[in-house]
Amino acid sequence: MNVQKQPGPDLPPPASSVGVIGWLRKNLFSSAPNTVLTLVAGYLIYITLVPAFQWAFLNADWVGDSREACDSGGACWVFVAVRFDQFMYGFYPEAEYWRINLAFGLLIALMVPLFIEKFSRKGMLAAFILIVYPVIAYYLFSGGAFGLVHVETSLWGGLSLTLVLAGVGIVAALPIGIVLALGRRSGMPIVRAVSVVFIEFWRGVPLITVLFMSSVMLPLFLPEGTHFDKLLRAMIGIVMFQSAYMAEVVRGGLQAIPKGQYEAAQALGLSYWKTMGLIVLPQALKLVIPGIVNTFIALFKDTTLVLIIGLFDLLATIQSAFSDPNWLGYSVEGYVFAAATFWIFCFSMSRYSQALERKLHTGHAR
Amino acid sequence: MKKFVLTTTALALCAAVSTTAFAGATLNDVKKKGFVQCGVTTGLPGFSGPDEKGNWTGLDVDTCRAVAAAVFGDAQKVKFTPLTAKERFTALQSGEIDVLSRNTTWTLTRDSSLGLNFAGVNYYDGQGFLVSKNLGVKSALELDGASFCIQAGTTTELNLADYFRANGMSYTPITFDSSDETVKAFGAGRCDALTSDQSQLYALRIKLKNPGSAMVLPEIISKEPLGPVVRQGDDEWFNIVRWSLFAMLNAEEYGVTSKNVDKMAASSKDPNVLRLLGQSGIKGKGLGLSDTWAASIIKQVGNYGEMFERNVGQASALKISRGLNALWSKGGIQYAPPIR
């Protein structure tokens with residue numbers, strides 16, 4: 001009798017459960033309702049995406065310099081191409097574009113080492129970016145020193161203005177927000193009261209109102225003849241507004257830190273600032289990275305509100321181009337371009353925050 | 001337990017917004033800083049907007065350039081502040097700008113209660129009708145029973161109702177939220193006619209797939225005189241802005257253009273032209289300007305007709321006909337007092 005001691009080799013799974021067909025059967029056609037849903041969804045994608053793709057790419061016009069070049073019925077990207085410089089730099093003098101390029105190029109160059117694991121002086125570099133770089137960027141943008149021509153803020157515009165507003169908002173709102181959050185949890189009644197009033201006031205008014213106040217009401221209260229730069233007014237408004245939100249996000253993180261951590265720090269004899277700086281804040285901020293980045297993304301998109309006070313950010317510059325009599329009727333292309341630009345920036349911010357979370361992950365998350 | 005009586009002190013923040021008299025101050029300020037600060041729209045086809053190079057162009061923009069040419073002899077010495085409709089009067093009141101040339105309708109309320117003065121009219125606008133050519137209509141009075149695409153919540157809606165009631169006609173309104181939707185619906189044939197301010201109708205027409213298929217009817221059913229505005233209380237500056245506009249109108253009337261202005265100044269025998277160009281008469285004395293103030297306007301910006309045709313007329317994409325904005329001598333109502 002021939003007894004088989006070893007089990008025979010495994011047979012391959014049936015052809016209908018592996019490969020493309022298997023995947024389709026498992027995920028798309030596993031039951032009758034799913035099959036119906038798949039077909040309906042597929043049809044919807046077909047009737048929306050295909051024409052959109054044809055409009056945006058296949059039938060689009062890319063080259064030319066007037067509306068006569070746009071005759072193929074699809075998107076007229078010539079409109080965006082012709083005004084691309086204006087969308088990027090606003091009314092900034094063309095001969096001085098290099099200053100904006102240099103400012104942003106320098107920022108990117110300084111940021112790169114922060115992403116390199118082996119680079120050991122990240123703290124110093126970060127301090128340089130936060131303290132010295134803004135001064136350099138200010139002189140590059142505004143000029144008026146070191147032989148650079150002065151470019152007044154009313155000429156700033158386009159994507160560079162959007163980035164300046166968002167950058168200033170982000171860089172200034174985080175530290176102010178942290179201070180306010182600490183103030184709100186402080187045991188000192190005056191500090192706490194001031195923080196609570198500040199946060200609740202700025203959180204209680206819409207950003208659009210803050211901007212209106214800064215541009216419409218404020219000039220009436222100032223003495224005759226004093227002109228307070230409009231961009232500066234808007235920036236201060238945005239920073240105040242965002243730091244109130246940031247304070248509440250950070251406070252959420254502070255509250256999540258167990259009391260034992262504070263007590264342990266006190267038992268070690270650490271001062272208040274050392275407790276906060278070495279024990280509490282590093283843990284709290286790490287916990288609220290999603291909230292912080294959420295606020296940053298909201299801030300980035302909120303900067304478009306400055307168009308209601310006549311500042312030409314990316315969206316306002318694009319909208320003003322719609323009024324060129326030679327290019328009437330290409331608003332869809334302009335808005336698609338604006339949406340794509342904003343999406344790229346917001347999506348990169350969100351990816352960066354996810355990477356940061358993974359890197360700082362120390363097993364807290366449940 | 002002690003009772004605490006909370007006394008709340010109401011802090012009334014009295015902000016006295018003073019409308020100071022600026023007698024003569026604006027011209028001195030403008031001369032000192034070296035440019036005219038001019039408030040314009042953030043973008044309105046033909047009236048103001050940046051071109052591809054970022055230079056401001058348009059009828060309202062040129063009105064400001066004329067003031068700069070009169071004051072400095074250089075139409076480029078002007079800076080533009082783009083303003084939204086809500087900001088415009090504050091910007092002027094607070095002294096942020098010297099002239100507001102922003103498609104602003106001259107009304108009693110604005111002229112009398114805001115501390116402002118309208119210096120003239122650079123465009124007589126009014127509500128008009130855009131109809132499809134297939135309709136075969138030549139006048140708005142033939143539109144009885146027609147359907148209209150209207151932007152909801154605007155005065156256009158009310159004006160339309162008034163006009164049809166006054167003429168004993170009926171119509172069907174189809175309302176939309178934005179002017180883009182309105183023109184799309186009109187293009188798709190959902191209504192017989194579209195109504196809006198006439199200067200806008202020409203811009204809307206270009207947005208149609210086939211602009212040639214629609215026409216603007218001659219009727220205007222509301223009055224919208226648009227013009228430059230200055231602060232009340234500085235008559236000297238008011239005069240300069242007002243007469244910069246009048247100089248362009250007079251130039252058109254006497255046939256002086258940017259091309260022939262130098263020749264006319266040297267060889268014209270017409271005393272009107274000689275007075276306009278500062279060769280005789282009062283010259284620039286009354287306004288406190290140089291004698292050739294009007295000549296610089298005409299040379300650098302052009303006369304009113306040139307400015308109109310270049311920005312909104314036949315030489316532009318909008319192709320608006322002169323209509324009410326023709327000179328009084330040619331069937332319109334643009335009329336300037338004589339320079340003498």
# chains A, B, ... in the order shown; residues from 1 in each chain; ligands from 1
>>> closest_atom_pairs(of="chain A", to="chain B", cutoff="8 Å", atoms="only C-alpha atoms", output="CSV")
residue,atom,partner,partner_atom,distance
A:Val82,CA,B:Glu52,CA,6.9
A:Arg83,CA,B:Glu52,CA,5.7
A:Gln86,CA,B:Gly54,CA,6.8
A:Gly90,CA,B:Gly54,CA,7.5
A:Phe91,CA,B:Gly54,CA,5.6
A:Ser154,CA,B:Thr81,CA,7.6
A:Ser215,CA,B:Glu87,CA,7.4
A:Val216,CA,B:Glu87,CA,5.7
A:Met217,CA,B:Thr90,CA,7.8
A:Pro219,CA,B:Ser94,CA,5.9
A:Leu220,CA,B:Ser94,CA,5.7
A:Phe221,CA,B:Ala15,CA,6.4
A:Glu224,CA,B:Ser94,CA,6.8
A:Gly225,CA,B:Gly95,CA,6.6
A:His227,CA,B:Glu96,CA,7.0
A:Ile308,CA,B:Thr84,CA,6.4
A:Ile309,CA,B:Thr84,CA,6.4
A:Gly310,CA,B:Leu83,CA,5.1
A:Leu311,CA,B:Pro82,CA,7.7
A:Gln319,CA,B:Gly43,CA,7.6
A:Ser320,CA,B:Gly43,CA,4.7
A:Ala321,CA,B:Pro50,CA,7.0
A:Phe322,CA,B:Gly43,CA,7.7
A:Ser323,CA,B:Pro45,CA,4.5
A:Asp324,CA,B:Pro45,CA,5.6
A:Pro325,CA,B:Pro45,CA,5.2
A:Asn326,CA,B:Ala317,CA,5.9
A:Leu328,CA,B:Lys207,CA,5.9
A:Gly329,CA,B:Lys207,CA,4.5
>>> write_last_selection(atoms="N, CA and C atoms", output="compact mmCIF listing (two decimals), in the first residue's frame")
# COMPACT_ATOMS: atom_id res chain seq x y z
N VAL A 82 -0.55 83.88 -21.16
CA VAL A 82 -0.24 85.27 -21.46
C VAL A 82 -0.07 86.08 -20.17
N ARG A 83 -0.88 85.74 -19.17
CA ARG A 83 -0.85 86.51 -17.93
C ARG A 83 -0.14 85.79 -16.80
N GLN A 86 1.85 87.84 -14.40
CA GLN A 86 1.02 88.67 -13.53
C GLN A 86 0.38 87.83 -12.43
N GLY A 90 1.96 89.64 -9.62
CA GLY A 90 1.12 90.83 -9.51
C GLY A 90 1.69 91.98 -10.32
N PHE A 91 1.72 93.16 -9.72
CA PHE A 91 2.21 94.35 -10.43
C PHE A 91 3.67 94.63 -10.15
N SER A 154 1.64 98.15 -2.57
CA SER A 154 0.48 98.13 -3.45
C SER A 154 0.80 97.44 -4.77
N SER A 215 -9.68 97.84 6.76
CA SER A 215 -9.50 98.64 5.55
C SER A 215 -10.53 99.76 5.44
N VAL A 216 -11.71 99.60 6.02
CA VAL A 216 -12.74 100.62 5.85
C VAL A 216 -12.88 101.51 7.07
N MET A 217 -12.88 100.90 8.27
CA MET A 217 -13.13 101.70 9.47
C MET A 217 -11.86 102.34 10.03
N PRO A 219 -9.04 103.54 8.86
CA PRO A 219 -8.53 104.82 8.35
C PRO A 219 -9.34 106.01 8.85
N LEU A 220 -10.64 105.83 9.17
CA LEU A 220 -11.45 106.95 9.64
C LEU A 220 -11.08 107.35 11.06
N PHE A 221 -10.58 106.38 11.85
CA PHE A 221 -10.23 106.68 13.24
C PHE A 221 -8.85 107.30 13.35
N GLU A 224 -5.94 112.54 10.40
CA GLU A 224 -5.84 112.88 8.99
C GLU A 224 -4.40 112.82 8.50
N GLY A 225 -4.20 112.19 7.39
CA GLY A 225 -2.86 112.19 6.80
C GLY A 225 -1.98 111.04 7.23
N HIS A 227 -1.08 107.40 7.02
CA HIS A 227 -1.44 106.25 6.20
C HIS A 227 -0.68 105.03 6.70
N ILE A 308 -11.56 91.20 -1.06
CA ILE A 308 -12.65 92.13 -0.78
C ILE A 308 -12.14 93.47 -0.28
N ILE A 309 -10.87 93.57 0.08
CA ILE A 309 -10.35 94.90 0.44
C ILE A 309 -9.38 95.39 -0.62
N GLY A 310 -9.50 94.83 -1.83
CA GLY A 310 -8.74 95.36 -2.95
C GLY A 310 -7.27 95.01 -2.96
N LEU A 311 -6.86 93.99 -2.23
CA LEU A 311 -5.49 93.50 -2.36
C LEU A 311 -5.50 92.42 -3.44
N GLN A 319 -9.09 87.25 -11.20
CA GLN A 319 -10.40 87.85 -11.46
C GLN A 319 -10.28 89.18 -12.20
N SER A 320 -9.25 89.95 -11.87
CA SER A 320 -9.12 91.24 -12.55
C SER A 320 -8.77 91.02 -14.02
N ALA A 321 -8.12 89.89 -14.33
CA ALA A 321 -7.78 89.61 -15.72
C ALA A 321 -9.04 89.29 -16.53
N PHE A 322 -10.10 88.82 -15.86
CA PHE A 322 -11.35 88.54 -16.59
C PHE A 322 -11.93 89.81 -17.20
N SER A 323 -11.56 90.98 -16.64
CA SER A 323 -12.18 92.21 -17.09
C SER A 323 -11.45 92.81 -18.28
N ASP A 324 -10.37 92.17 -18.75
CA ASP A 324 -9.69 92.67 -19.93
C ASP A 324 -10.61 92.48 -21.13
N PRO A 325 -11.00 93.58 -21.80
CA PRO A 325 -11.94 93.43 -22.92
C PRO A 325 -11.45 92.46 -23.98
N ASN A 326 -10.13 92.29 -24.10
CA ASN A 326 -9.61 91.38 -25.13
C ASN A 326 -9.74 89.92 -24.74
N LEU A 328 -12.42 88.59 -22.65
CA LEU A 328 -13.67 88.32 -21.94
C LEU A 328 -14.13 86.89 -22.21
N GLY A 329 -14.71 86.25 -21.20
CA GLY A 329 -15.30 84.93 -21.40
C GLY A 329 -14.40 83.76 -21.11
>>> select_by_dssp(residues="region 52-182 of chain A", states="alpha helix (DSSP H)", output="PyMOL selection string")
chain A and resi 52-53+77-82+84-89+97-115+122-127+133-142+158-182
>>> residues_around(residues="Leu327 (chain B)", least_positions_apart="2", cutoff="9 Å", atoms="only C-alpha atoms", output="PyMOL selection string")
chain B and resi 249+252-253+305+322+324-325+329-336
>>> residues_around(residues="Trp273 (chain A)", least_positions_apart="5", cutoff="12 Å", atoms="only C-alpha atoms", output="PyMOL selection string")
chain A and resi 179+182+186+262+265-266+278-281
>>> residues_around(residues="Leu130 (chain A)", least_positions_apart="4", cutoff="12 Å", atoms="only C-alpha atoms", output="PyMOL selection string")
chain A and resi 107+110-111+123-126+134-137+167-168+170-172+174-175
>>> residues_around(residues="Gly158 (chain A)", least_positions_apart="3", cutoff="10 Å", atoms="only C-alpha atoms", output="number ranges by chain")
A: 84-92, 155, 161-163, 311-318
>>> write_last_selection(atoms="C-alpha atoms", output="PDB file, in the first residue's frame")
ATOM      1  CA  PHE A  84       1.201  83.926 -16.099  1.00  0.00           C
ATOM      2  CA  ASP A  85       3.779  86.451 -14.863  1.00  0.00           C
ATOM      3  CA  GLN A  86       1.022  88.675 -13.531  1.00  0.00           C
ATOM      4  CA  PHE A  87      -0.646  85.748 -11.750  1.00  0.00           C
ATOM      5  CA  MET A  88       2.683  84.937 -10.089  1.00  0.00           C
ATOM      6  CA  TYR A  89       4.074  88.406  -9.318  1.00  0.00           C
ATOM      7  CA  GLY A  90       1.122  90.829  -9.505  1.00  0.00           C
ATOM      8  CA  PHE A  91       2.206  94.348 -10.431  1.00  0.00           C
ATOM      9  CA  TYR A  92       5.762  93.848  -9.219  1.00  0.00           C
ATOM     10  CA  LEU A 155       2.461  96.578  -6.302  1.00  0.00           C
ATOM     11  CA  LEU A 161       1.317  87.924  -2.235  1.00  0.00           C
ATOM     12  CA  THR A 162      -0.759  84.880  -1.282  1.00  0.00           C
ATOM     13  CA  LEU A 163       2.398  83.138  -0.081  1.00  0.00           C
ATOM     14  CA  LEU A 311      -5.491  93.498  -2.362  1.00  0.00           C
ATOM     15  CA  PHE A 312      -4.483  91.523  -5.433  1.00  0.00           C
ATOM     16  CA  ASP A 313      -3.725  88.019  -4.214  1.00  0.00           C
ATOM     17  CA  LEU A 314      -3.698  85.128  -6.677  1.00  0.00           C
ATOM     18  CA  LEU A 315      -7.481  84.905  -6.967  1.00  0.00           C
ATOM     19  CA  ALA A 316      -8.019  88.661  -7.208  1.00  0.00           C
ATOM     20  CA  THR A 317      -5.326  88.983  -9.881  1.00  0.00           C
ATOM     21  CA  ILE A 318      -6.993  86.255 -11.904  1.00  0.00           C
TER      22      ILE A 318
END
>>> atom_distance(atom1="CA of Glu219 (chain B)", atom2="CA of Phe118 (chain B)")
25.6 Å
>>> residues_around(residues="Trp237 (chain B)", least_positions_apart="4", cutoff="8 Å", atoms="only C-alpha atoms", output="PyMOL selection string")
chain B and resi 24+26-27+230+241
